[in-house]
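Structure file structure_3.cif; described as mmCIF, C-alpha atoms.
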```
data_input
loop_
_atom_site.label_atom_id
_atom_site.label_comp_id
_atom_site.auth_asym_id
_atom_site.auth_seq_id
_atom_site.Cartn_x
_atom_site.Cartn_y
_atom_site.Cartn_z
CA MET A 120 349.66 87.64 82.52
CA LYS A 121 351.45 84.78 84.31
CA ILE A 122 348.21 83.29 85.66
CA ASN A 123 346.88 82.70 82.16
CA GLN A 124 350.23 81.51 80.83
CA VAL A 125 350.71 79.00 83.63
CA CYS A 126 347.14 77.68 83.42
CA LYS A 127 347.30 77.33 79.63
CA TYR A 128 350.62 75.46 79.97
CA LEU A 129 349.07 73.09 82.51
CA ILE A 130 346.11 72.47 80.21
CA GLU A 131 348.25 71.93 77.10
CA ASN A 132 350.49 69.48 78.95
CA ASN A 133 347.74 67.75 80.95
CA ILE A 134 349.37 68.61 84.29
CA THR A 135 346.81 68.30 87.07
CA ILE A 136 346.69 70.76 89.95
CA SER A 137 344.82 71.26 93.21
CA SER A 138 345.03 73.72 96.10
CA ILE A 139 344.72 73.78 99.86
CA GLU A 140 344.12 77.32 101.10
CA SER A 141 344.01 78.97 104.47
CA LEU A 142 344.67 82.72 104.58
CA THR A 143 343.66 83.18 100.94
CA GLY A 144 340.20 81.75 101.61
CA GLY A 145 339.65 80.41 98.09
CA LEU A 146 341.25 83.30 96.21
CA LEU A 147 343.71 80.97 94.49
CA ALA A 148 340.87 78.70 93.34
CA SER A 149 338.98 81.74 92.11
CA LYS A 150 341.93 82.97 90.03
CA ILE A 151 342.62 79.52 88.58
CA THR A 152 339.01 78.96 87.60
CA GLU A 153 338.88 82.26 85.68
CA VAL A 154 340.86 80.52 82.93
CA SER A 155 338.73 78.86 80.27
CA GLY A 156 339.35 75.13 79.93
CA ILE A 157 341.05 74.77 83.31
CA SER A 158 338.53 72.11 84.37
CA LYS A 159 340.59 69.67 82.30
CA VAL A 160 343.37 69.79 84.89
CA TYR A 161 342.15 71.62 88.01
CA GLN A 162 340.73 69.08 90.42
CA GLY A 163 339.62 71.49 93.13
CA SER A 164 340.45 73.25 96.35
CA LEU A 165 339.86 72.93 100.04
CA VAL A 166 339.64 76.08 102.13
CA THR A 167 340.91 75.02 105.53
CA TYR A 168 340.65 78.30 107.34
CA THR A 169 340.48 77.05 110.93
CA ASN A 170 342.68 74.60 112.79
CA ASP A 171 339.64 72.38 113.38
CA VAL A 172 339.08 72.06 109.63
CA LYS A 173 342.79 71.56 108.99
CA GLN A 174 342.78 68.71 111.50
CA ASN A 175 339.34 67.12 111.17
CA VAL A 176 338.66 67.53 107.45
CA LEU A 177 342.08 67.76 105.83
CA GLY A 178 343.93 65.47 108.25
CA VAL A 179 346.71 67.69 109.61
CA HIS A 180 347.96 66.08 112.82
CA TYR A 181 346.99 67.77 116.08
CA GLU A 182 350.63 67.69 117.23
CA ILE A 183 351.72 69.79 114.26
CA LEU A 184 349.13 72.46 115.01
CA GLU A 185 349.87 72.35 118.73
CA ASN A 186 353.66 72.43 118.45
CA TYR A 187 354.18 74.68 115.41
CA GLY A 188 350.85 76.40 114.71
CA ALA A 189 348.94 76.70 111.47
CA VAL A 190 351.33 79.37 110.21
CA SER A 191 354.38 77.15 109.88
CA LYS A 192 356.45 75.21 107.40
CA GLU A 193 355.48 72.02 109.21
CA CYS A 194 351.77 72.69 108.84
CA VAL A 195 352.09 73.55 105.15
CA SER A 196 354.02 70.32 104.60
CA GLU A 197 351.14 68.37 106.15
CA MET A 198 348.64 70.38 104.10
CA LEU A 199 350.49 69.43 100.92
CA ASN A 200 350.61 65.74 101.73
CA CYS A 201 347.01 65.58 102.90
CA GLY A 202 345.98 67.48 99.78
CA PHE A 203 347.81 64.99 97.61
CA ASN A 204 346.06 62.11 99.36
CA ILE A 205 342.71 63.70 98.54
CA PHE A 206 343.28 65.02 95.01
CA GLN A 207 346.12 62.84 93.61
CA THR A 208 347.27 65.69 91.33
CA ASN A 209 350.67 66.38 89.76
CA ILE A 210 350.78 69.69 91.62
CA VAL A 211 349.38 70.57 95.03
CA VAL A 212 349.70 74.16 96.26
CA ALA A 213 349.18 74.97 99.95
CA LEU A 214 349.04 78.41 101.55
CA SER A 215 349.00 79.36 105.22
CA GLY A 216 349.88 82.63 106.87
CA ASN A 217 348.76 85.71 108.70
CA ALA A 218 347.19 88.42 106.55
CA GLY A 219 346.34 90.58 109.56
CA PRO A 220 345.31 92.98 110.76
CA SER A 221 346.98 91.71 113.96
CA ALA A 222 349.44 89.05 115.03
CA SER A 223 347.97 85.58 115.40
CA GLU A 224 349.46 82.57 117.20
CA GLY A 225 352.40 84.88 117.90
CA LYS A 226 353.10 85.10 114.17
CA PRO A 227 353.56 88.56 112.65
CA VAL A 228 351.28 90.02 110.02
CA GLY A 229 352.63 89.21 106.58
CA LEU A 230 354.30 85.91 107.51
CA VAL A 231 353.20 83.42 104.85
CA TYR A 232 354.25 79.91 103.89
CA ILE A 233 353.61 78.81 100.32
CA GLY A 234 354.13 75.15 99.58
CA PHE A 235 354.31 73.17 96.37
CA LEU A 236 354.23 69.43 95.94
CA ILE A 237 355.17 68.83 92.31
CA ASN A 238 355.40 65.23 91.14
CA GLY A 239 356.23 64.13 94.68
CA LYS A 240 358.86 66.80 95.37
CA GLU A 241 358.05 69.24 98.15
CA HIS A 242 359.19 72.85 98.22
CA ILE A 243 358.05 75.35 100.85
CA GLN A 244 358.83 79.06 100.75
CA GLU A 245 358.68 81.49 103.68
CA HIS A 246 357.61 85.02 102.79
CA HIS A 247 357.23 88.28 104.69
CA PHE A 248 354.73 90.36 102.77
CA GLN A 249 353.82 93.96 103.54
CA GLY A 250 350.56 95.82 103.11
CA THR A 251 346.90 95.51 103.90
CA ARG A 252 345.10 92.22 104.37
CA GLU A 253 343.95 92.31 100.75
CA GLU A 254 347.42 93.20 99.47
CA ILE A 255 349.03 90.34 101.42
CA ARG A 256 346.50 87.84 100.08
CA ASN A 257 347.01 89.08 96.51
CA GLN A 258 350.80 88.90 96.89
CA CYS A 259 350.39 85.24 97.87
CA ILE A 260 348.52 84.46 94.67
CA LEU A 261 350.98 86.35 92.47
CA THR A 262 353.87 84.53 94.14
CA VAL A 263 352.27 81.13 93.47
CA PHE A 264 352.01 81.88 89.76
CA GLU A 265 355.47 83.45 89.55
CA HIS A 266 356.94 80.28 91.05
CA LEU A 267 354.98 77.99 88.73
CA PHE A 268 355.92 80.19 85.77
CA GLU A 269 359.62 79.88 86.62
CA ILE A 270 359.35 76.09 86.93
CA PHE A 271 357.42 75.44 83.76
CA LEU A 272 357.96 78.43 81.45
CA GLY A 273 361.05 80.24 82.67
CA LYS A 274 363.49 78.12 80.70
#
```
Spell out the structure here as structure tokens.
Amino acid sequence: MKINQVCKYLIENNITISSIESLTGGLLASKITEVSGISKVYQGSLVTYTNDVKQNVLGVHYEILENYGAVSKECVSEMLNCGFNIFQTNIVVALSGNAGPSASEGKPVGLVYIGFLINGKEHIQEHHFQGTREEIRNQCILTVFEHLFEIFLGK
């Protein structure tokens, strides 16, 4: 399973990781913390489900939320950088999107942005997932680990 492989690689190589979650509501943190020994490298997670929390706790600028919305590349970029300022980890993962069941902020169900800040280099992916709310959230988590697998183990 890629989750275990990625987490074991991070542990073995002392690569620290943290997460900033919105639509997944802590699901990524839950999956990461299922791996024994992960506390050596996993610093933690913030679940920033509402715009108020994104702005007032995490530090996402009001203008970003007002002009682009929470479900945007711009917001995920801010989430990554704010997350790095808090956790100071080698990897920060940020997730924001619309898992449904209806459109939100004018953004369609299934639109998801997954961001990675890895050793200072930012990469944000736009995805259009299909399925139920649960299926969309699970696809987000699988996509995170597939991407990390490709970076670190897909040589």
Q: Fewer than 3 positions away in the same chain doesn't count, so skip those; otherwise give me all residues within 12 Å of Gln258 (chain A), counting all atoms listed in the file, as a PyMOL selection string.
A: chain A and resi 142-143+146-147+214+216+218+229-233+246-255+261-265
Q | Non-local contacts of Ile205 (chain A) (10 Å; all atoms listed in the file; under 5 positions in same chain excluded) as JSON, numbers by chain | A | {"A": [137, 162, 163, 165, 177, 178, 199, 200]}
Q: Check the smallest atom-to-atom distance from each of A:Ser149, A:Lys121, A:Ser141, A:Ser164 to Phe206 (chain A) using only C-alpha atoms, then report the winner.
A: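 The answer is A:Ser164, which sits nearest to Phe206 (chain A).
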Q | Matched chain/residue IDs from the PyMOL selection byres ((chain A and resi 242) around 10), as a list in words | A | Lys192, Val195, Ser196, Leu199, Val212, Ile233, Gly234, Phe235, Leu236, Ile237, Gly239, Lys240, Glu241, Ile243 and Gln244 of chain A
Q: May I ask which of the residues A:Thr169, A:Asn217, A:Thr208, A:Asn175 is the closest one to Leu129 (chain A), counting all atoms listed in the file?
A: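 The answer is A:Thr208, which sits nearest to Leu129 (chain A).
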Q: Could you give me, as a list in words, the residues within 6 Å of Val179 (chain A), counting only C-alpha atoms and dropping anything in the same chain fewer than 4 positions from it?
A: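 The filter keeps Lys173, Gln174 and Glu197 of chain A.
The closest residue to Ile122 (chain A), picked from A:Glu140, A:Asn204, A:Val154, A:Gly225 and counting all atoms listed in the file, is A:Val154.
When all atoms listed in the file are used to compute distances to Gly145 (chain A), the closest of the residues A:Phe271, A:Cys201, A:Thr167, A:Gln207 turns out to be A:Thr167.
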Q | d(CA of Leu184 (chain A), CA of Asp171 (chain A)) in Å | A |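 Taking CA of Leu184 (chain A) and CA of Asp171 (chain A), their separation equals 9.6 Å.
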Missing atoms in region 232-255 of chain A should be modelled up to N, CA, C and O atoms and reported as a short mmCIF file (atom, residue, chain, number, x, y, z; two decimals), in the frame of the given file.
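Contents of the output file part16.cif:
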```cif
data_model
loop_
_atom_site.label_atom_id
_atom_site.label_comp_id
_atom_site.auth_asym_id
_atom_site.auth_seq_id
_atom_site.Cartn_x
_atom_site.Cartn_y
_atom_site.Cartn_z
N TYR A 232 353.56 81.08 104.43
CA TYR A 232 354.25 79.91 103.89
C TYR A 232 353.47 79.44 102.67
O TYR A 232 352.26 79.24 102.73
N ILE A 233 354.19 79.30 101.56
CA ILE A 233 353.61 78.81 100.32
C ILE A 233 354.32 77.52 99.97
O ILE A 233 355.54 77.50 99.83
N GLY A 234 353.55 76.46 99.86
CA GLY A 234 354.13 75.15 99.58
C GLY A 234 353.68 74.60 98.24
O GLY A 234 352.56 74.85 97.80
N PHE A 235 354.57 73.84 97.64
CA PHE A 235 354.31 73.17 96.37
C PHE A 235 354.73 71.71 96.51
O PHE A 235 355.83 71.43 97.00
N LEU A 236 353.88 70.83 96.08
CA LEU A 236 354.23 69.43 95.94
C LEU A 236 354.07 69.13 94.45
O LEU A 236 352.95 69.11 93.95
N ILE A 237 355.19 68.99 93.77
CA ILE A 237 355.17 68.83 92.31
C ILE A 237 355.80 67.49 91.98
O ILE A 237 356.99 67.27 92.23
N ASN A 238 354.96 66.59 91.47
CA ASN A 238 355.40 65.23 91.14
C ASN A 238 356.18 64.60 92.29
O ASN A 238 357.24 64.01 92.10
N GLY A 239 355.65 64.77 93.50
CA GLY A 239 356.23 64.13 94.68
C GLY A 239 357.35 64.90 95.36
O GLY A 239 357.82 64.51 96.42
N LYS A 240 357.78 66.01 94.78
CA LYS A 240 358.86 66.80 95.37
C LYS A 240 358.28 68.03 96.06
O LYS A 240 357.57 68.83 95.45
N GLU A 241 358.60 68.16 97.33
CA GLU A 241 358.05 69.24 98.15
C GLU A 241 359.01 70.43 98.21
O GLU A 241 360.22 70.26 98.35
N HIS A 242 358.41 71.62 98.09
CA HIS A 242 359.19 72.85 98.22
C HIS A 242 358.31 73.86 98.95
O HIS A 242 357.18 74.12 98.53
N ILE A 243 358.82 74.39 100.06
CA ILE A 243 358.05 75.35 100.85
C ILE A 243 358.87 76.64 100.98
O ILE A 243 360.05 76.61 101.32
N GLN A 244 358.20 77.74 100.70
CA GLN A 244 358.83 79.06 100.75
C GLN A 244 358.25 79.86 101.93
O GLN A 244 357.04 79.86 102.15
N GLU A 245 359.12 80.56 102.64
CA GLU A 245 358.68 81.49 103.68
C GLU A 245 358.75 82.90 103.10
O GLU A 245 359.75 83.27 102.49
N HIS A 246 357.67 83.65 103.29
CA HIS A 246 357.61 85.02 102.79
C HIS A 246 357.20 85.96 103.91
O HIS A 246 356.50 85.57 104.85
N HIS A 247 357.62 87.21 103.77
CA HIS A 247 357.23 88.28 104.69
C HIS A 247 356.68 89.41 103.83
O HIS A 247 357.43 90.26 103.36
N PHE A 248 355.38 89.37 103.61
CA PHE A 248 354.73 90.36 102.77
C PHE A 248 354.33 91.58 103.59
O PHE A 248 354.09 91.48 104.80
N GLN A 249 354.22 92.71 102.92
CA GLN A 249 353.82 93.96 103.54
C GLN A 249 352.51 94.43 102.91
O GLN A 249 352.22 94.11 101.77
N GLY A 250 351.76 95.22 103.67
CA GLY A 250 350.56 95.82 103.11
C GLY A 250 349.31 95.48 103.90
O GLY A 250 349.37 94.93 105.00
N THR A 251 348.19 95.81 103.29
CA THR A 251 346.90 95.51 103.90
C THR A 251 346.61 94.02 103.78
O THR A 251 347.29 93.29 103.05
N ARG A 252 345.55 93.61 104.45
CA ARG A 252 345.10 92.22 104.37
C ARG A 252 344.90 91.79 102.92
O ARG A 252 345.38 90.74 102.49
N GLU A 253 344.21 92.62 102.16
CA GLU A 253 343.95 92.31 100.75
C GLU A 253 345.25 92.25 99.95
O GLU A 253 345.43 91.36 99.11
N GLU A 254 346.15 93.18 100.20
CA GLU A 254 347.42 93.20 99.47
C GLU A 254 348.25 91.96 99.78
O GLU A 254 348.86 91.38 98.88
N ILE A 255 348.27 91.54 101.03
CA ILE A 255 349.03 90.34 101.42
C ILE A 255 348.45 89.11 100.73
O ILE A 255 349.18 88.30 100.16
#
```
